[in-house]
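The next block is structure-v4.csv, given as CSV, C-alpha atoms.
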```csv
chain,number,residue,atom,x,y,z
A,1,MET,CA,-30.4,-26.9,45.1
A,2,LYS,CA,-28.5,-29.6,43.2
A,3,ASN,CA,-31.0,-29.3,40.3
A,4,MET,CA,-30.6,-25.5,40.3
A,5,LYS,CA,-26.8,-25.8,40.2
A,6,LYS,CA,-27.1,-28.3,37.3
A,7,PHE,CA,-29.5,-26.0,35.5
A,8,THR,CA,-27.2,-23.1,36.0
A,9,ALA,CA,-24.2,-25.1,34.7
A,10,LEU,CA,-26.2,-26.2,31.7
A,11,ALA,CA,-27.3,-22.7,31.0
A,12,LEU,CA,-23.8,-21.4,31.2
A,13,SER,CA,-22.5,-24.1,28.9
A,14,ALA,CA,-25.3,-23.3,26.4
A,15,ALA,CA,-24.4,-19.6,26.6
A,16,MET,CA,-20.7,-20.3,26.0
A,17,THR,CA,-21.5,-22.5,23.0
A,18,ALA,CA,-23.8,-19.8,21.6
A,19,SER,CA,-21.1,-17.2,22.1
A,20,MET,CA,-18.5,-19.4,20.3
A,21,ALA,CA,-20.9,-19.9,17.4
A,22,VAL,CA,-21.5,-16.2,17.1
A,23,SER,CA,-17.7,-15.6,17.2
A,24,VAL,CA,-17.2,-18.1,14.4
A,25,SER,CA,-20.0,-16.8,12.2
A,26,ALA,CA,-18.8,-13.3,12.7
A,27,ALA,CA,-15.3,-14.0,11.3
A,28,VAL,CA,-14.3,-12.3,8.1
A,29,GLU,CA,-13.6,-15.1,5.6
A,30,SER,CA,-14.2,-13.2,2.4
A,31,LYS,CA,-15.2,-9.7,1.2
A,32,ASP,CA,-18.8,-11.0,1.3
A,33,ASP,CA,-18.5,-10.8,5.1
A,34,LEU,CA,-17.5,-7.1,5.3
A,35,PRO,CA,-21.0,-5.6,5.7
A,36,GLY,CA,-21.5,-4.8,9.4
A,37,LYS,CA,-17.8,-5.4,10.2
A,38,THR,CA,-15.2,-2.9,11.5
A,39,ILE,CA,-12.5,-2.5,8.8
A,40,GLY,CA,-9.0,-1.0,9.4
A,41,VAL,CA,-7.4,1.0,6.6
A,42,GLN,CA,-4.6,3.5,6.0
A,43,LEU,CA,-6.1,6.9,5.4
A,44,GLY,CA,-6.4,8.0,1.8
A,45,THR,CA,-5.3,4.7,0.3
A,46,THR,CA,-7.2,2.6,-2.2
A,47,GLY,CA,-8.2,0.3,0.7
A,48,ASP,CA,-9.8,3.3,2.3
A,49,LEU,CA,-11.7,4.3,-0.8
A,50,GLU,CA,-12.9,0.7,-1.5
A,51,ALA,CA,-13.8,0.0,2.1
A,52,SER,CA,-15.9,3.1,2.2
A,53,GLU,CA,-18.3,1.5,-0.1
A,54,TYR,CA,-19.3,-0.9,2.7
A,55,GLU,CA,-20.3,1.9,5.1
A,56,ALA,CA,-23.7,2.0,3.4
A,57,GLU,CA,-24.0,-1.7,4.4
A,58,GLY,CA,-23.4,-1.1,8.1
A,59,ALA,CA,-19.6,-1.5,8.1
A,60,THR,CA,-17.4,0.9,10.2
A,61,VAL,CA,-14.2,2.0,8.7
A,62,GLU,CA,-11.4,2.9,11.1
A,63,ARG,CA,-8.7,5.1,9.4
A,64,TYR,CA,-5.1,5.1,10.5
A,65,SER,CA,-2.2,7.3,9.3
A,66,LYS,CA,0.0,4.2,8.9
A,67,GLY,CA,-0.7,0.7,7.7
A,68,SER,CA,1.2,-0.7,10.7
A,69,GLU,CA,-1.2,1.1,13.1
A,70,ALA,CA,-4.2,-0.6,11.4
A,71,VAL,CA,-2.4,-4.0,11.8
A,72,GLN,CA,-1.8,-3.3,15.5
A,73,ALA,CA,-5.5,-2.5,15.9
A,74,LEU,CA,-6.3,-5.8,14.3
A,75,LYS,CA,-4.0,-7.7,16.7
A,76,ALA,CA,-5.6,-5.8,19.6
A,77,GLY,CA,-9.1,-6.8,18.5
A,78,GLN,CA,-10.1,-3.3,17.7
A,79,VAL,CA,-11.0,-4.1,14.1
A,80,ASP,CA,-12.2,-7.2,12.4
A,81,CYS,CA,-9.8,-7.0,9.4
A,82,VAL,CA,-7.4,-4.8,7.6
A,83,ILE,CA,-7.6,-3.9,3.9
A,84,ILE,CA,-4.2,-3.0,2.4
A,85,ASP,CA,-1.9,-3.5,-0.6
A,86,SER,CA,-0.7,-7.1,-1.2
A,87,GLN,CA,3.1,-6.6,-0.8
A,88,PRO,CA,3.0,-4.7,2.4
A,89,ALA,CA,0.4,-7.2,3.6
A,90,GLN,CA,2.8,-10.0,3.0
A,91,LYS,CA,5.5,-8.2,5.1
A,92,PHE,CA,3.1,-7.7,8.0
A,93,VAL,CA,2.0,-11.4,7.9
A,94,GLU,CA,5.6,-12.6,7.8
A,95,ALA,CA,6.3,-10.5,11.0
A,96,ASN,CA,3.1,-11.6,12.8
A,97,ASP,CA,2.4,-15.3,12.9
A,98,ASP,CA,-1.1,-14.7,14.3
A,99,LEU,CA,-2.3,-13.0,11.1
A,100,LYS,CA,-3.1,-14.3,7.7
A,101,ILE,CA,-4.1,-13.0,4.2
A,102,LEU,CA,-7.4,-14.2,2.8
A,103,ASP,CA,-6.9,-16.2,-0.5
A,104,ASP,CA,-9.1,-14.1,-2.7
A,105,PRO,CA,-7.8,-10.5,-3.6
A,106,PHE,CA,-10.1,-7.7,-2.5
A,107,VAL,CA,-9.5,-5.7,-5.7
A,108,ASP,CA,-6.9,-5.5,-8.4
A,109,GLU,CA,-5.1,-2.3,-9.1
A,110,GLN,CA,-2.3,-0.6,-11.0
A,111,TYR,CA,0.5,1.7,-9.7
A,112,ALA,CA,1.6,4.8,-11.5
A,113,ILE,CA,3.4,8.1,-10.7
A,114,CYS,CA,1.3,11.2,-10.3
A,115,LEU,CA,2.0,14.7,-11.5
A,116,ALA,CA,0.3,18.1,-11.5
A,117,LYS,CA,-2.2,18.7,-14.3
A,118,ASP,CA,-0.2,21.5,-15.8
A,119,ASN,CA,3.1,19.5,-15.7
A,120,GLU,CA,2.6,17.8,-19.1
A,121,GLU,CA,6.2,18.2,-20.3
A,122,LEU,CA,7.6,16.4,-17.3
A,123,LEU,CA,4.8,13.7,-17.7
A,124,GLU,CA,6.0,13.1,-21.2
A,125,GLU,CA,9.7,12.9,-20.1
A,126,ILE,CA,8.9,10.4,-17.3
A,127,ASN,CA,6.8,8.2,-19.5
A,128,GLY,CA,9.7,8.1,-22.0
A,129,ALA,CA,12.1,7.1,-19.3
A,130,LEU,CA,9.7,4.5,-17.9
A,131,ASN,CA,9.3,2.9,-21.3
A,132,GLU,CA,13.1,2.6,-21.7
A,133,LEU,CA,13.4,1.2,-18.2
A,134,LYS,CA,10.8,-1.4,-19.0
A,135,GLU,CA,12.3,-2.4,-22.3
A,136,ASP,CA,15.9,-2.7,-20.9
A,137,GLY,CA,14.7,-4.8,-17.9
A,138,THR,CA,15.6,-2.3,-15.2
A,139,ILE,CA,12.0,-2.2,-13.8
A,140,ASP,CA,11.9,-6.0,-13.6
A,141,SER,CA,15.3,-6.1,-11.9
A,142,ILE,CA,14.3,-3.5,-9.3
A,143,MET,CA,11.1,-5.5,-8.6
A,144,ASP,CA,13.1,-8.7,-8.2
A,145,ASN,CA,15.4,-7.1,-5.7
A,146,TYR,CA,12.5,-6.6,-3.3
A,147,ILE,CA,9.9,-9.3,-4.2
A,148,GLY,CA,10.4,-13.0,-4.8
A,149,GLU,CA,13.2,-15.5,-4.6
A,150,ASP,CA,16.0,-13.1,-5.6
A,151,VAL,CA,15.5,-10.4,-2.9
A,152,GLY,CA,18.7,-8.4,-2.3
A,153,LYS,CA,20.5,-9.9,-5.4
A,154,THR,CA,19.8,-7.1,-8.0
A,155,PRO,CA,20.2,-3.7,-6.3
A,156,TYR,CA,19.8,-0.7,-8.5
A,157,GLU,CA,23.0,1.4,-9.0
A,158,SER,CA,23.2,4.7,-10.8
A,159,PRO,CA,25.6,4.8,-13.7
A,160,GLU,CA,28.9,6.6,-12.9
A,161,ASP,CA,28.6,9.0,-15.8
A,162,VAL,CA,25.2,10.4,-15.1
A,163,ASP,CA,24.7,14.1,-16.1
A,164,ARG,CA,22.5,15.8,-13.4
A,165,SER,CA,22.7,19.3,-14.9
A,166,LYS,CA,18.9,19.7,-15.3
A,167,GLY,CA,18.5,20.3,-11.5
A,168,GLU,CA,16.4,18.6,-8.9
A,169,LEU,CA,13.1,16.7,-8.9
A,170,VAL,CA,11.2,16.3,-5.6
A,171,MET,CA,9.3,13.1,-5.0
A,172,ALA,CA,6.5,13.0,-2.5
A,173,THR,CA,6.0,9.7,-0.8
A,174,ASN,CA,4.8,7.9,2.4
A,175,ALA,CA,7.7,5.7,3.6
A,176,GLU,CA,5.5,3.3,5.5
A,177,PHE,CA,4.8,0.9,2.6
A,178,GLU,CA,7.4,-1.8,2.4
A,179,PRO,CA,8.7,-2.9,-0.1
A,180,TYR,CA,7.7,0.1,-2.2
A,181,GLU,CA,9.1,2.7,0.2
A,182,TYR,CA,10.3,2.4,3.7
A,183,HIS,CA,13.0,3.6,6.1
A,184,GLU,CA,16.4,1.9,6.3
A,185,GLY,CA,18.3,3.9,8.9
A,186,ASP,CA,18.1,7.6,7.7
A,187,GLU,CA,17.5,6.6,4.1
A,188,ILE,CA,14.2,6.0,2.3
A,189,VAL,CA,14.5,2.9,0.1
A,190,GLY,CA,12.3,0.6,-1.8
A,191,ILE,CA,10.9,-0.1,-5.3
A,192,ASP,CA,9.5,3.4,-5.9
A,193,ALA,CA,12.7,5.1,-4.6
A,194,ASP,CA,14.8,3.0,-7.0
A,195,ILE,CA,12.5,3.5,-9.9
A,196,ALA,CA,12.4,7.3,-9.3
A,197,GLN,CA,16.2,7.3,-9.1
A,198,ALA,CA,16.5,5.3,-12.4
A,199,ILE,CA,14.1,7.8,-14.0
A,200,CYS,CA,16.2,10.8,-12.8
A,201,ASP,CA,19.4,9.1,-14.0
A,202,LYS,CA,17.8,8.8,-17.4
A,203,LEU,CA,16.6,12.3,-17.5
A,204,GLY,CA,19.6,14.1,-15.9
A,205,TYR,CA,18.1,15.2,-12.6
A,206,GLU,CA,19.0,14.9,-8.9
A,207,LEU,CA,16.4,13.1,-6.9
A,208,LYS,CA,15.1,14.4,-3.5
A,209,ILE,CA,12.6,12.3,-1.6
A,210,GLU,CA,10.2,14.0,0.8
A,211,ASP,CA,8.4,11.8,3.3
A,212,MET,CA,4.8,12.8,4.3
A,213,GLU,CA,1.4,11.4,5.2
A,214,PHE,CA,-0.2,9.5,2.3
A,215,ASP,CA,-3.1,11.8,2.0
A,216,ALA,CA,-0.8,14.8,1.8
A,217,ILE,CA,0.9,13.5,-1.4
A,218,LEU,CA,-1.7,14.7,-4.0
A,219,PRO,CA,-1.9,18.2,-2.4
A,220,ALA,CA,1.9,18.5,-2.4
A,221,VAL,CA,2.0,17.6,-6.1
A,222,GLN,CA,-0.9,19.9,-7.0
A,223,SER,CA,0.6,22.9,-5.1
A,224,GLY,CA,4.1,22.4,-6.7
A,225,LYS,CA,5.8,21.5,-3.4
A,226,ALA,CA,6.7,18.2,-5.0
A,227,ASP,CA,7.3,17.5,-8.7
A,228,PHE,CA,5.7,14.1,-8.6
A,229,GLY,CA,4.3,11.5,-6.2
A,230,ALA,CA,5.3,7.8,-6.0
A,231,ALA,CA,3.9,5.7,-3.2
A,232,GLY,CA,2.3,2.6,-4.5
A,233,MET,CA,-0.2,5.1,-5.9
A,234,THR,CA,-3.2,3.4,-7.5
A,235,VAL,CA,-4.8,5.0,-10.6
A,236,THR,CA,-8.4,5.8,-9.8
A,237,GLU,CA,-11.0,8.1,-11.5
A,238,ASP,CA,-11.2,10.3,-8.4
A,239,ARG,CA,-7.5,10.9,-8.4
A,240,GLN,CA,-7.4,11.4,-12.1
A,241,ALA,CA,-9.7,14.4,-11.6
A,242,SER,CA,-7.0,16.2,-9.6
A,243,VAL,CA,-3.7,14.9,-11.0
A,244,ASN,CA,-2.2,13.3,-14.1
A,245,PHE,CA,-0.8,9.8,-14.0
A,246,THR,CA,2.1,8.3,-15.9
A,247,ASP,CA,1.9,4.9,-17.6
A,248,THR,CA,1.6,2.2,-15.0
A,249,TYR,CA,4.7,0.4,-13.8
A,250,ALA,CA,3.3,-2.3,-11.5
A,251,ASN,CA,0.2,-4.5,-11.2
A,252,ALA,CA,-0.9,-5.2,-7.6
A,253,SER,CA,-4.0,-5.9,-5.5
A,254,GLN,CA,-5.7,-5.0,-2.3
A,255,VAL,CA,-6.0,-7.9,0.1
A,256,ILE,CA,-7.7,-8.6,3.4
A,257,ILE,CA,-5.7,-9.4,6.6
A,258,VAL,CA,-7.4,-11.2,9.4
A,259,LYS,CA,-6.4,-12.9,12.6
A,260,LYS,CA,-5.9,-16.7,12.4
```
Give the structure from this file in structure tokens form.
Amino acid sequence: MKNMKKFTALALSAAMTASMAVSVSAAVESKDDLPGKTIGVQLGTTGDLEASEYEAEGATVERYSKGSEAVQALKAGQVDCVIIDSQPAQKFVEANDDLKILDDPFVDEQYAICLAKDNEELLEEINGALNELKEDGTIDSIMDNYIGEDVGKTPYESPEDVDRSKGELVMATNAEFEPYEYHEGDEIVGIDADIAQAICDKLGYELKIEDMEFDAILPAVQSGKADFGAAGMTVTEDRQASVNFTDTYANASQVIIVKK
């Protein structure tokens, strides 16, 4: 009986060791580990599009309406990792000390504003305003106000003498993407909101921001319910087939968040 107990204890110990080894080997340590894993993404984002490529290699992609929901699923052990844009990822990790961002970016990308295919006149206007805002340092100042060492030090303010006689422009966004767009009380703030305001100030428009699900932005722009979309929107070939994009205003990357 003693020998049987000893054998059982040894067997359990071996099983636990094997289980721990499997757990360690199953961890996501780079994008090379993604085949066969369960990946959390925000529906319709670049992370969603890029993660879908791994489904053919046995990965399961769990899609959530908000990036925060994907992160909560990771914390609950429902997914193995989350693929999301780098700046929001940094905010999530700062708020959750049990998470980390893998060192190597998943994919590099560029952000731009999207407009309907037949809205070429407004596209030209916005590109002209963006070029001026880049040259006079306004874009850099807006970025610095939300990212880096000078956060909060360079808030954008509309000039007092702005002429808004050209009417209203409606911006479609998904305000779940700090620091590009997020809620601060009843107001939608962030990099994209400030850049859009600066563009409207240049062109003589009032700005109205409409919050919606990320995957509803392109349809809203295509149907004319919104004049343009700005939501950390990555320029991709698939999206270019349905909308036009302005010149890019920010370089970013998709990253992988995992549990420590």
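Non-sequential neighbours of Ser158 of chain A (distance at most 9 Å, separation of 2 or more positions within a chain, all atoms listed in the file) are Tyr156, Glu160, Asp161, Val162, Gln197, Ala198 and Asp201 of chain A.
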Inset, instruction - Compile the contact shell of Ile126 of chain A as a ChimeraX atom specification: residues with an atom at most 9 Å away, counting all atoms listed in the file, same-chain residues fewer than 3 positions apart removed. - result: /A:113,121-123,129-131,199-200,203,246-247
Inset, instruction - Rank A:Glu69, A:Glu176, A:Asp108, A:Glu157 by their smallest atom-to-atom distance to Ser86 of chain A, using only C-alpha atoms, and report the top residue only. - result: A:Asp108
Legend entry - Shortest interatomic distance to Tyr249 of chain A - which of A:Asp192, A:Ser223, A:Ile209, A:Leu218, counting all atoms listed in the file: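 Of all the options, A:Asp192 lies closest to Tyr249 of chain A.
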Legend entry - d(atom CA of Gly148 of chain A, atom CA of Tyr180 of chain A) in Å: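 Result for atom CA of Gly148 of chain A versus atom CA of Tyr180 of chain A: 13.6 Å, one decimal.
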Legend entry - Of the listed residues A:Ala216, A:Cys81, A:Thr45, A:Gln110, that which approaches Val235 of chain A most closely, counting all atoms listed in the file: A:Gln110
For a cut-off of 10 Å around (1.2, 14.4, -0.4), file coordinates, pick out all residues using all atoms listed in the file and list them as an mmCIF file with C-alpha atoms, in the frame of the given file.
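Generated file (selection36.cif):
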```cif
data_model
loop_
_atom_site.group_PDB
_atom_site.id
_atom_site.type_symbol
_atom_site.label_atom_id
_atom_site.label_comp_id
_atom_site.auth_asym_id
_atom_site.auth_seq_id
_atom_site.Cartn_x
_atom_site.Cartn_y
_atom_site.Cartn_z
ATOM 1 C CA MET A 171 9.300 13.100 -5.000
ATOM 2 C CA ALA A 172 6.500 13.000 -2.500
ATOM 3 C CA THR A 173 6.000 9.700 -0.800
ATOM 4 C CA ASN A 174 4.800 7.900 2.400
ATOM 5 C CA GLU A 210 10.200 14.000 0.800
ATOM 6 C CA ASP A 211 8.400 11.800 3.300
ATOM 7 C CA MET A 212 4.800 12.800 4.300
ATOM 8 C CA GLU A 213 1.400 11.400 5.200
ATOM 9 C CA PHE A 214 -0.200 9.500 2.300
ATOM 10 C CA ASP A 215 -3.100 11.800 2.000
ATOM 11 C CA ALA A 216 -0.800 14.800 1.800
ATOM 12 C CA ILE A 217 0.900 13.500 -1.400
ATOM 13 C CA LEU A 218 -1.700 14.700 -4.000
ATOM 14 C CA PRO A 219 -1.900 18.200 -2.400
ATOM 15 C CA ALA A 220 1.900 18.500 -2.400
ATOM 16 C CA VAL A 221 2.000 17.600 -6.100
ATOM 17 C CA GLN A 222 -0.900 19.900 -7.000
ATOM 18 C CA SER A 223 0.600 22.900 -5.100
ATOM 19 C CA LYS A 225 5.800 21.500 -3.400
ATOM 20 C CA ALA A 226 6.700 18.200 -5.000
ATOM 21 C CA PHE A 228 5.700 14.100 -8.600
ATOM 22 C CA GLY A 229 4.300 11.500 -6.200
ATOM 23 C CA ALA A 230 5.300 7.800 -6.000
ATOM 24 C CA ALA A 231 3.900 5.700 -3.200
#
```
Inset, instruction - May I ask which of the residues A:Ala56, A:Ala51, A:Val151, A:Ala175 is the closest one to Val107 of chain A, counting all atoms listed in the file? - result: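 For Val107 of chain A, the nearest of the given residues is A:Ala51.
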Inset, instruction - Please provide the set of residues having any atom within 10 Å of Gly167 of chain A, restricted to only C-alpha atoms, with same-chain residues fewer than 4 positions apart removed, written as a PyMOL selection string. - result: chain A and resi 163+200+204-207
May I have the residues from that selection written out with C-alpha atoms, as a PDB file, keeping the file's coordinate frame?
```
ATOM      1  CA  ASP A 163      24.700  14.100 -16.100  1.00  0.00           C
ATOM      2  CA  CYS A 200      16.200  10.800 -12.800  1.00  0.00           C
ATOM      3  CA  GLY A 204      19.600  14.100 -15.900  1.00  0.00           C
ATOM      4  CA  TYR A 205      18.100  15.200 -12.600  1.00  0.00           C
ATOM      5  CA  GLU A 206      19.000  14.900  -8.900  1.00  0.00           C
ATOM      6  CA  LEU A 207      16.400  13.100  -6.900  1.00  0.00           C
TER       7      LEU A 207
END
```
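Comparing A:Ala95, A:Ala73, A:Val28, A:Leu102 by their smallest distance to Gln254 of chain A, the closest is A:Leu102 (using all atoms listed in the file).
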Inset, instruction - Go through A:Asp104, A:Glu181, A:Ala112, A:Glu124 one by one, measure the shortest atom-to-atom distance of each to Met233 of chain A using only C-alpha atoms, and give the residue with the smallest value. - result: A:Ala112
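For the pair atom CA of Glu184 of chain A and atom CA of Ser68 of chain A, the separation is 16.0 Å.
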Counting only C-alpha atoms, find residues at most 10 Å from (15.2, -5.5, -6.6) (file frame) and give them as a PDB file with C-alpha atoms, keeping the file's coordinate frame.
```pdb
ATOM      1  CA  THR A 138      15.600  -2.300 -15.200  1.00  0.00           C
ATOM      2  CA  ILE A 139      12.000  -2.200 -13.800  1.00  0.00           C
ATOM      3  CA  ASP A 140      11.900  -6.000 -13.600  1.00  0.00           C
ATOM      4  CA  SER A 141      15.300  -6.100 -11.900  1.00  0.00           C
ATOM      5  CA  ILE A 142      14.300  -3.500  -9.300  1.00  0.00           C
ATOM      6  CA  MET A 143      11.100  -5.500  -8.600  1.00  0.00           C
ATOM      7  CA  ASP A 144      13.100  -8.700  -8.200  1.00  0.00           C
ATOM      8  CA  ASN A 145      15.400  -7.100  -5.700  1.00  0.00           C
ATOM      9  CA  TYR A 146      12.500  -6.600  -3.300  1.00  0.00           C
ATOM     10  CA  ILE A 147       9.900  -9.300  -4.200  1.00  0.00           C
ATOM     11  CA  GLY A 148      10.400 -13.000  -4.800  1.00  0.00           C
ATOM     12  CA  ASP A 150      16.000 -13.100  -5.600  1.00  0.00           C
ATOM     13  CA  VAL A 151      15.500 -10.400  -2.900  1.00  0.00           C
ATOM     14  CA  GLY A 152      18.700  -8.400  -2.300  1.00  0.00           C
ATOM     15  CA  LYS A 153      20.500  -9.900  -5.400  1.00  0.00           C
ATOM     16  CA  THR A 154      19.800  -7.100  -8.000  1.00  0.00           C
ATOM     17  CA  PRO A 155      20.200  -3.700  -6.300  1.00  0.00           C
ATOM     18  CA  TYR A 156      19.800  -0.700  -8.500  1.00  0.00           C
ATOM     19  CA  PRO A 179       8.700  -2.900  -0.100  1.00  0.00           C
ATOM     20  CA  GLY A 190      12.300   0.600  -1.800  1.00  0.00           C
ATOM     21  CA  ILE A 191      10.900  -0.100  -5.300  1.00  0.00           C
ATOM     22  CA  ASP A 194      14.800   3.000  -7.000  1.00  0.00           C
ATOM     23  CA  ILE A 195      12.500   3.500  -9.900  1.00  0.00           C
TER      24      ILE A 195
END
```
Legend entry - Pairwise distance for atom CA of Glu178 of chain A and atom CA of Ala193 of chain A, rounded to one decimal in Å: 11.2 Å
Legend entry - Contacts of Gly58 of chain A at 12 Å (only C-alpha atoms; same-chain gap of 3+ positions) as a PyMOL selection string: chain A and resi 33-39+51-55+61
Dump as a compact mmCIF listing (two decimals), in the coordinates of the input, selection limited to C-alpha atoms:
```txt
# COMPACT_ATOMS: atom_id res chain seq x y z
CA ASP A 33 -18.50 -10.80 5.10
CA LEU A 34 -17.50 -7.10 5.30
CA PRO A 35 -21.00 -5.60 5.70
CA GLY A 36 -21.50 -4.80 9.40
CA LYS A 37 -17.80 -5.40 10.20
CA THR A 38 -15.20 -2.90 11.50
CA ILE A 39 -12.50 -2.50 8.80
CA ALA A 51 -13.80 0.00 2.10
CA SER A 52 -15.90 3.10 2.20
CA GLU A 53 -18.30 1.50 -0.10
CA TYR A 54 -19.30 -0.90 2.70
CA GLU A 55 -20.30 1.90 5.10
CA VAL A 61 -14.20 2.00 8.70
```
Inset, instruction - For Gly47 of chain A, work out the shell of residues within 8 Å, counting only C-alpha atoms and skipping chain neighbours fewer than 5 positions away, then give it as a count of residues only. - result: 6
Filtering to N, CA and C atoms, could segment 27-49 of chain A of the supplied structure be written out as a CSV table (one decimal), in the first residue's frame?
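Output (result-v1.csv):
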```
chain,number,residue,atom,x,y,z
A,27,ALA,N,2.7,29.3,-24.3
A,27,ALA,CA,2.6,30.8,-24.2
A,27,ALA,C,2.9,31.5,-25.5
A,28,VAL,N,2.3,32.6,-25.7
A,28,VAL,CA,2.6,33.4,-26.9
A,28,VAL,C,3.7,34.3,-26.6
A,29,GLU,N,4.9,34.1,-27.2
A,29,GLU,CA,6.1,34.9,-27.0
A,29,GLU,C,6.4,35.7,-28.2
A,30,SER,N,5.9,35.4,-29.4
A,30,SER,CA,6.1,36.2,-30.6
A,30,SER,C,5.0,35.8,-31.6
A,31,LYS,N,4.9,36.5,-32.7
A,31,LYS,CA,3.8,36.2,-33.7
A,31,LYS,C,4.0,34.8,-34.3
A,32,ASP,N,5.2,34.3,-34.1
A,32,ASP,CA,5.4,32.9,-34.6
A,32,ASP,C,4.6,31.9,-33.8
A,33,ASP,N,4.2,32.2,-32.6
A,33,ASP,CA,3.4,31.3,-31.8
A,33,ASP,C,1.9,31.4,-32.0
A,34,LEU,N,1.5,32.3,-32.9
A,34,LEU,CA,0.0,32.5,-33.1
A,34,LEU,C,-0.7,31.3,-33.7
A,35,PRO,N,-0.2,30.5,-34.6
A,35,PRO,CA,-0.9,29.4,-35.1
A,35,PRO,C,-1.4,28.5,-34.0
A,36,GLY,N,-2.7,28.1,-34.0
A,36,GLY,CA,-3.3,27.3,-33.0
A,36,GLY,C,-3.7,28.0,-31.8
A,37,LYS,N,-3.5,29.3,-31.6
A,37,LYS,CA,-3.9,30.0,-30.4
A,37,LYS,C,-5.2,30.7,-30.6
A,38,THR,N,-5.8,31.1,-29.5
A,38,THR,CA,-7.0,31.9,-29.5
A,38,THR,C,-6.6,33.4,-29.4
A,39,ILE,N,-7.0,34.2,-30.4
A,39,ILE,CA,-6.6,35.6,-30.4
A,39,ILE,C,-7.8,36.5,-30.3
A,40,GLY,N,-7.6,37.5,-29.4
A,40,GLY,CA,-8.7,38.4,-29.2
A,40,GLY,C,-8.4,39.7,-30.0
A,41,VAL,N,-9.4,40.2,-30.7
A,41,VAL,CA,-9.3,41.4,-31.5
A,41,VAL,C,-10.5,42.3,-31.3
A,42,GLN,N,-10.4,43.6,-31.8
A,42,GLN,CA,-11.6,44.4,-31.9
A,42,GLN,C,-12.2,44.2,-33.3
A,43,LEU,N,-13.4,44.0,-33.4
A,43,LEU,CA,-14.1,43.7,-34.7
A,43,LEU,C,-13.8,44.8,-35.7
A,44,GLY,N,-13.4,44.4,-36.9
A,44,GLY,CA,-13.2,45.3,-38.0
A,44,GLY,C,-11.9,46.1,-38.1
A,45,THR,N,-11.1,45.9,-37.1
A,45,THR,CA,-9.8,46.7,-37.0
A,45,THR,C,-8.7,46.0,-37.8
A,46,THR,N,-7.6,46.6,-38.0
A,46,THR,CA,-6.5,46.0,-38.6
A,46,THR,C,-6.0,44.7,-37.9
A,47,GLY,N,-6.1,44.8,-36.6
A,47,GLY,CA,-5.8,43.6,-35.8
A,47,GLY,C,-6.6,42.4,-36.2
A,48,ASP,N,-7.9,42.7,-36.4
A,48,ASP,CA,-8.9,41.7,-36.9
A,48,ASP,C,-8.5,41.1,-38.2
A,49,LEU,N,-8.2,42.0,-39.2
A,49,LEU,CA,-7.8,41.6,-40.5
A,49,LEU,C,-6.5,40.8,-40.5
```
